>>> print(open('structure-v8.cif').read())   # mmCIF, C-alpha atoms
data_start
loop_
_atom_site.label_atom_id
_atom_site.label_comp_id
_atom_site.auth_asym_id
_atom_site.auth_seq_id
_atom_site.Cartn_x
_atom_site.Cartn_y
_atom_site.Cartn_z
CA MET A 1 7.40 34.29 20.78
CA GLY A 2 9.07 31.19 19.35
CA GLY A 3 6.16 30.59 16.98
CA ALA A 4 6.38 34.16 15.72
CA ILE A 5 10.07 33.77 14.98
CA LEU A 6 9.50 30.64 12.92
CA SER A 7 6.59 32.11 10.99
CA ARG A 8 8.47 35.32 10.19
CA LYS A 9 11.83 33.84 9.28
CA ALA A 10 10.83 30.60 7.52
CA PRO A 11 7.30 30.91 6.10
CA LEU A 12 7.92 28.43 3.24
CA LEU A 13 9.26 25.75 5.57
CA ALA A 14 6.50 26.32 8.07
CA ALA A 15 3.91 25.85 5.32
CA LYS A 16 5.30 22.42 4.42
CA ILE A 17 6.36 20.97 7.73
CA PRO A 18 4.02 18.35 9.30
CA VAL A 19 2.18 19.18 12.51
CA SER A 20 4.19 16.58 14.44
CA LEU A 21 7.43 18.37 13.63
CA GLU A 22 5.92 21.77 14.43
CA VAL A 23 5.02 20.43 17.86
CA SER A 24 8.55 19.09 18.31
CA VAL A 25 10.04 22.46 17.39
CA THR A 26 7.64 24.28 19.72
CA ILE A 27 8.66 22.02 22.61
CA ALA A 28 12.31 22.66 21.80
CA CYS A 29 11.67 26.42 21.83
CA VAL A 30 10.14 26.22 25.30
CA GLN A 31 12.96 24.06 26.62
CA MET A 32 15.58 26.47 25.27
CA GLY A 33 13.92 29.47 26.86
CA VAL A 34 12.86 31.34 23.73
CA GLY A 35 10.00 33.00 25.58
CA ASP A 36 12.47 34.61 27.96
CA CYS A 37 15.22 35.56 25.53
CA ASP A 38 15.29 37.68 22.35
CA SER A 39 18.85 36.80 21.46
CA ARG A 40 19.51 36.89 17.71
CA LEU A 41 21.94 34.01 18.10
CA LEU A 42 19.29 31.82 19.70
CA GLU A 43 16.86 32.70 16.93
CA LEU A 44 19.33 31.56 14.29
CA GLN A 45 20.00 28.36 16.20
CA LEU A 46 16.29 27.57 16.24
CA LEU A 47 15.95 28.24 12.51
CA PHE A 48 18.88 25.91 11.89
CA PHE A 49 17.25 23.20 14.03
CA PHE A 50 13.98 23.71 12.16
CA SER A 51 15.66 23.33 8.77
CA ILE A 52 17.32 20.08 9.91
CA CYS A 53 13.90 18.69 10.90
CA CYS A 54 12.50 19.61 7.48
CA ASN A 55 15.39 17.98 5.68
CA ALA A 56 15.18 14.80 7.77
CA PHE A 57 11.46 14.45 7.14
CA TYR A 58 11.55 14.97 3.38
CA HIS A 59 14.59 12.78 2.75
CA SER A 60 13.98 9.82 5.05
CA SER A 61 13.89 6.81 2.70
CA ASN A 62 12.34 4.45 5.26
CA GLN A 63 9.29 6.72 5.49
CA GLY A 64 8.80 6.72 1.71
CA SER A 65 9.01 10.50 1.68
CA LEU A 66 10.90 10.99 -1.57
CA VAL A 67 8.64 12.39 -4.27
CA VAL A 68 10.26 10.41 -7.11
CA ARG A 69 11.46 6.84 -6.65
CA ASN A 70 12.92 4.22 -8.97
CA ILE A 71 10.64 1.16 -8.98
CA SER A 72 13.58 -1.14 -9.71
CA GLU A 73 15.10 -0.08 -6.37
CA ILE A 74 11.96 -0.83 -4.33
CA PRO A 75 12.19 -4.17 -2.44
CA GLN A 76 10.23 -7.09 -3.90
CA ASN A 77 9.31 -10.42 -2.37
CA ASN A 78 7.44 -13.62 -3.23
CA PHE A 79 6.36 -14.24 0.41
CA GLY A 80 6.91 -17.95 -0.02
CA ARG A 81 4.77 -18.23 -3.16
CA GLU A 82 6.68 -19.79 -6.04
CA GLY A 83 6.36 -17.93 -9.34
CA PHE A 84 5.08 -14.73 -7.73
CA SER A 85 6.64 -11.32 -7.12
CA HIS A 86 5.11 -8.36 -5.26
CA ILE A 87 6.22 -4.72 -4.94
CA THR A 88 4.28 -2.20 -2.87
CA ILE A 89 4.81 1.00 -4.86
CA ALA A 90 2.69 3.14 -2.58
CA GLY A 91 1.18 1.63 0.55
CA ALA A 92 -0.63 2.45 3.75
CA VAL A 93 1.77 0.71 6.11
CA LEU A 94 5.05 1.62 4.38
CA HIS A 95 4.23 5.05 2.97
CA GLY A 96 1.25 6.38 4.92
CA MET A 97 -1.33 6.19 2.11
CA LYS A 98 -4.86 6.82 3.43
CA GLU A 99 -7.31 6.10 0.59
CA VAL A 100 -5.60 3.87 -1.99
CA GLU A 101 -2.65 1.52 -2.36
CA LEU A 102 -0.65 0.62 -5.48
CA TRP A 103 1.11 -2.69 -6.18
CA LEU A 104 3.18 -4.16 -9.00
CA GLN A 105 2.81 -7.93 -9.25
CA THR A 106 4.34 -10.51 -11.57
CA PHE A 107 3.15 -14.08 -12.14
CA THR A 108 5.26 -16.65 -13.97
CA PRO A 109 3.49 -19.12 -16.32
CA GLY A 110 1.03 -21.28 -14.38
CA SER A 111 1.13 -19.25 -11.16
CA ARG A 112 -1.97 -17.66 -9.65
CA THR A 113 -3.46 -15.90 -6.67
CA PRO A 114 -5.47 -17.85 -4.11
CA ILE A 115 -9.25 -17.72 -4.42
CA HIS A 116 -10.07 -14.77 -2.20
CA ARG A 117 -12.24 -11.75 -1.49
CA HIS A 118 -11.79 -8.43 0.29
CA SER A 119 -13.99 -5.55 1.42
CA CYS A 120 -12.40 -2.97 -0.86
CA GLU A 121 -12.48 -1.96 -4.49
CA GLU A 122 -9.69 -3.29 -6.71
CA VAL A 123 -8.58 -2.29 -10.20
CA PHE A 124 -6.03 -4.12 -12.37
CA VAL A 125 -4.04 -2.86 -15.34
CA VAL A 126 -2.28 -5.60 -17.33
CA LEU A 127 1.16 -4.36 -18.36
CA ASN A 128 2.51 -7.54 -19.96
CA GLY A 129 1.41 -11.07 -20.72
CA ARG A 130 -1.99 -12.70 -20.67
CA GLY A 131 -4.05 -14.84 -18.35
CA THR A 132 -7.52 -15.48 -16.95
CA LEU A 133 -9.67 -13.74 -14.37
CA LEU A 134 -11.98 -16.07 -12.47
CA LEU A 135 -14.82 -14.13 -10.83
CA ALA A 136 -17.73 -15.37 -8.70
CA SER A 137 -20.48 -13.66 -6.74
CA SER A 138 -20.94 -12.98 -3.04
CA SER A 139 -24.73 -13.09 -3.37
CA LEU A 140 -25.01 -16.85 -2.70
CA MET A 141 -23.87 -18.92 0.30
CA TYR A 142 -20.71 -19.95 -1.56
CA PRO A 143 -18.93 -18.69 -4.71
CA GLY A 144 -20.00 -21.47 -7.09
CA THR A 145 -18.66 -21.88 -10.61
CA PRO A 146 -16.80 -18.66 -11.52
CA GLN A 147 -17.08 -16.71 -14.75
CA GLU A 148 -13.87 -16.78 -16.80
CA TYR A 149 -12.55 -13.63 -18.49
CA PRO A 150 -9.43 -13.50 -20.68
CA ILE A 151 -7.01 -10.75 -19.68
CA TYR A 152 -4.16 -9.48 -21.83
CA SER A 153 -1.59 -6.70 -22.21
CA ASN A 154 -3.16 -3.21 -22.15
CA SER A 155 -6.43 -4.50 -20.69
CA THR A 156 -7.97 -3.41 -17.39
CA PHE A 157 -10.62 -4.82 -15.07
CA SER A 158 -12.12 -4.14 -11.66
CA ILE A 159 -13.27 -6.46 -8.88
CA PRO A 160 -16.56 -5.70 -7.07
CA VAL A 161 -16.32 -5.42 -3.30
CA ASN A 162 -16.41 -8.85 -1.57
CA ASP A 163 -16.72 -10.88 -4.79
CA PRO A 164 -14.46 -13.98 -4.72
CA HIS A 165 -11.90 -13.99 -7.51
CA GLN A 166 -8.63 -15.41 -8.73
CA VAL A 167 -6.05 -14.16 -11.24
CA TRP A 168 -4.21 -16.87 -13.13
CA ASN A 169 -1.34 -16.72 -15.61
CA THR A 170 -2.58 -19.27 -18.11
CA ASP A 171 0.10 -18.44 -20.70
CA GLU A 172 2.73 -21.17 -21.10
CA HIS A 173 5.64 -18.92 -22.02
CA GLU A 174 5.30 -15.33 -20.81
CA ASP A 175 5.09 -13.67 -17.40
CA LEU A 176 1.91 -11.84 -16.46
CA GLN A 177 2.61 -8.42 -14.95
CA VAL A 178 -0.11 -6.21 -13.48
CA LEU A 179 -0.54 -2.92 -11.65
CA VAL A 180 -3.10 -3.21 -8.86
CA VAL A 181 -4.93 -0.39 -7.09
CA ILE A 182 -7.00 -1.08 -3.97
CA SER A 183 -9.11 1.18 -1.80
CA ARG A 184 -9.32 1.26 2.02
CA PRO A 185 -5.80 -0.01 2.70
CA PRO A 186 -4.30 -1.99 4.31
CA VAL A 187 -6.08 -4.93 2.67
CA LYS A 188 -7.95 -7.56 4.68
CA VAL A 189 -8.19 -10.85 2.74
CA PHE A 190 -10.52 -13.85 3.13
CA ILE A 191 -9.11 -16.99 1.48
CA TYR A 192 -11.09 -19.96 0.09
CA ASP A 193 -9.92 -23.54 -0.37
CA ASP A 194 -12.12 -23.94 -3.46
CA TRP A 195 -15.15 -22.40 -5.18
CA SER A 196 -17.62 -24.49 -3.15
CA MET A 197 -16.39 -23.24 0.23
CA PRO A 198 -19.06 -21.16 2.09
CA HIS A 199 -18.27 -17.47 2.42
CA THR A 200 -18.55 -17.76 6.20
CA ALA A 201 -15.83 -20.43 6.23
CA ALA A 202 -13.26 -18.40 4.30
CA ARG A 203 -10.12 -17.81 6.38
CA LEU A 204 -9.16 -14.28 7.31
CA LYS A 205 -5.56 -13.28 6.57
CA PHE A 206 -4.76 -9.93 8.20
CA PRO A 207 -2.30 -8.37 8.16
CA TYR A 208 -1.64 -9.72 4.67
CA TYR A 209 1.81 -11.06 3.81
CA TRP A 210 3.37 -7.79 2.64
CA ASP A 211 2.00 -5.88 5.65
CA GLN A 212 2.42 -8.36 8.50
CA GLN A 213 6.02 -7.48 9.42
CA HIS A 214 5.06 -3.80 9.79
CA LEU A 215 1.45 -3.77 10.97
CA TYR A 216 0.18 -5.06 14.32
CA GLU A 217 -3.11 -3.26 14.97
CA PRO A 218 -6.38 -4.87 13.77
CA LYS A 219 -8.47 -3.10 11.14
CA ASP A 220 -12.20 -2.58 11.74
CA GLU A 221 -14.59 -4.13 9.23
CA LEU A 222 -17.52 -2.03 8.04
#
>>> encode(input="structure-v8.cif", output="structure tokens")
Amino acid sequence: MGGAILSRKAPLLAAKIPVSLEVSVTIACVQMGVGDCDSRLLELQLLFFFSICCNAFYHSSNQGSLVVRNISEIPQNNFGREGFSHITIAGAVLHGMKEVELWLQTFTPGSRTPIHRHSCEEVFVVLNGRGTLLLASSSLMYPGTPQEYPIYSNSTFSIPVNDPHQVWNTDEHEDLQVLVVISRPPVKVFIYDDWSMPHTAARLKFPYYWDQQHLYEPKDEL
């Protein structure tokens, strides 16, 4: 009977509420004896409880549930890397993203990523500045001499799955700022000491720096 009350009195809320909260409300209905009582007062109390659950879910900032957020208010960190700044705009660990993840990263002049690879697709959009993309192949036993590609404001590029690469701000005066989209989050990264290091010797870093304080379960590799 409790489910009928909720469906009849709050169809819009019921359509939006997550399954986990529906289960919680159902349990509460059973505990409060809804099946044995048709009291109008009890019905209103349950609807009030249901609305509180909806409000808590859609306005909990630590779950990333707000539809619109100000990027300048999202925490950023350099994770111990001088000249680097990272913001997870939409992530798997922090926001529950399933298929893609979006980052905003800034590199001061001379700073760069480590040489690395990952088993996901990655797309960059350069917002400001200029630099160099170094890209090698995963088809040999080790990366070898990488191809160099100039990158600049309003340019975009993608990284093939498992190809070793490095992004470098080679400009002497201006920061390099990029938007990064990856698939299959959270990212699992293999780091190389140099371009002659065998692929099999690359060191696994998982969870990666911006996920490690929130994620503890290992991710299966395809």
>>> atom_distance(input="structure-v8.cif", atom1="CA of Pro143 (chain A)", atom2="CA of Ile115 (chain A)")
9.7 Å
>>> closest_residue(input="structure-v8.cif", among="A:Arg112, A:His95, A:His165, A:Lys188", to="Gly144 (chain A)", atoms="all atoms listed in the file")
A:His165
>>> residues_around(input="structure-v8.cif", residues="region 145-162 of chain A", least_positions_apart="2", cutoff="6 Å", atoms="only C-alpha atoms", output="list in words")
Arg117, His118, Ser119, Cys120, Glu121, Glu122, Val123, Phe124, Val125, Val126, Leu127, Asn128, Gly129, Arg130, Gly131, Thr132, Leu133, Leu134, Leu135 and Ala136 of chain A
>>> write_last_selection(input="structure-v8.cif", atoms="C-alpha atoms", output="PDB file, in the frame of the given file")
ATOM      1  CA  ARG A 117     -12.240 -11.750  -1.490  1.00  0.00           C
ATOM      2  CA  HIS A 118     -11.790  -8.430   0.290  1.00  0.00           C
ATOM      3  CA  SER A 119     -13.990  -5.550   1.420  1.00  0.00           C
ATOM      4  CA  CYS A 120     -12.400  -2.970  -0.860  1.00  0.00           C
ATOM      5  CA  GLU A 121     -12.480  -1.960  -4.490  1.00  0.00           C
ATOM      6  CA  GLU A 122      -9.690  -3.290  -6.710  1.00  0.00           C
ATOM      7  CA  VAL A 123      -8.580  -2.290 -10.200  1.00  0.00           C
ATOM      8  CA  PHE A 124      -6.030  -4.120 -12.370  1.00  0.00           C
ATOM      9  CA  VAL A 125      -4.040  -2.860 -15.340  1.00  0.00           C
ATOM     10  CA  VAL A 126      -2.280  -5.600 -17.330  1.00  0.00           C
ATOM     11  CA  LEU A 127       1.160  -4.360 -18.360  1.00  0.00           C
ATOM     12  CA  ASN A 128       2.510  -7.540 -19.960  1.00  0.00           C
ATOM     13  CA  GLY A 129       1.410 -11.070 -20.720  1.00  0.00           C
ATOM     14  CA  ARG A 130      -1.990 -12.700 -20.670  1.00  0.00           C
ATOM     15  CA  GLY A 131      -4.050 -14.840 -18.350  1.00  0.00           C
ATOM     16  CA  THR A 132      -7.520 -15.480 -16.950  1.00  0.00           C
ATOM     17  CA  LEU A 133      -9.670 -13.740 -14.370  1.00  0.00           C
ATOM     18  CA  LEU A 134     -11.980 -16.070 -12.470  1.00  0.00           C
ATOM     19  CA  LEU A 135     -14.820 -14.130 -10.830  1.00  0.00           C
ATOM     20  CA  ALA A 136     -17.730 -15.370  -8.700  1.00  0.00           C
TER      21      ALA A 136
END
>>> resolve_selection(input="structure-v8.cif", expression="the PyMOL selection byres ((chain A and resi 78) around 12)", output="ChimeraX atom specification")
/A:75-77,79-88,104-108,111,113,209-210
>>> write_last_selection(input="structure-v8.cif", atoms="C-alpha atoms", output="short mmCIF file (atom, residue, chain, number, x, y, z; two decimals), in the frame of the given file")
data_model
loop_
_atom_site.label_atom_id
_atom_site.label_comp_id
_atom_site.auth_asym_id
_atom_site.auth_seq_id
_atom_site.Cartn_x
_atom_site.Cartn_y
_atom_site.Cartn_z
CA PRO A 75 12.19 -4.17 -2.44
CA GLN A 76 10.23 -7.09 -3.90
CA ASN A 77 9.31 -10.42 -2.37
CA PHE A 79 6.36 -14.24 0.41
CA GLY A 80 6.91 -17.95 -0.02
CA ARG A 81 4.77 -18.23 -3.16
CA GLU A 82 6.68 -19.79 -6.04
CA GLY A 83 6.36 -17.93 -9.34
CA PHE A 84 5.08 -14.73 -7.73
CA SER A 85 6.64 -11.32 -7.12
CA HIS A 86 5.11 -8.36 -5.26
CA ILE A 87 6.22 -4.72 -4.94
CA THR A 88 4.28 -2.20 -2.87
CA LEU A 104 3.18 -4.16 -9.00
CA GLN A 105 2.81 -7.93 -9.25
CA THR A 106 4.34 -10.51 -11.57
CA PHE A 107 3.15 -14.08 -12.14
CA THR A 108 5.26 -16.65 -13.97
CA SER A 111 1.13 -19.25 -11.16
CA THR A 113 -3.46 -15.90 -6.67
CA TYR A 209 1.81 -11.06 3.81
CA TRP A 210 3.37 -7.79 2.64
#
>>> atom_distance(input="structure-v8.cif", atom1="CA of Lys98 (chain A)", atom2="CA of Val167 (chain A)")
25.6 Å
>>> closest_residue(input="structure-v8.cif", among="A:Ile191, A:His116, A:Tyr142, A:Ile89", to="Val68 (chain A)", atoms="all atoms listed in the file")
A:Ile89
>>> closest_residue(input="structure-v8.cif", among="A:Pro186, A:Pro198, A:Pro114, A:Pro164", to="Leu94 (chain A)", atoms="only C-alpha atoms")
A:Pro186
>>> closest_residue(input="structure-v8.cif", among="A:Arg184, A:His173, A:Val189, A:Met97", to="Leu204 (chain A)", atoms="only C-alpha atoms")
A:Val189
>>> atom_distance(input="structure-v8.cif", atom1="CA of Lys205 (chain A)", atom2="CA of Asp175 (chain A)")
26.2 Å
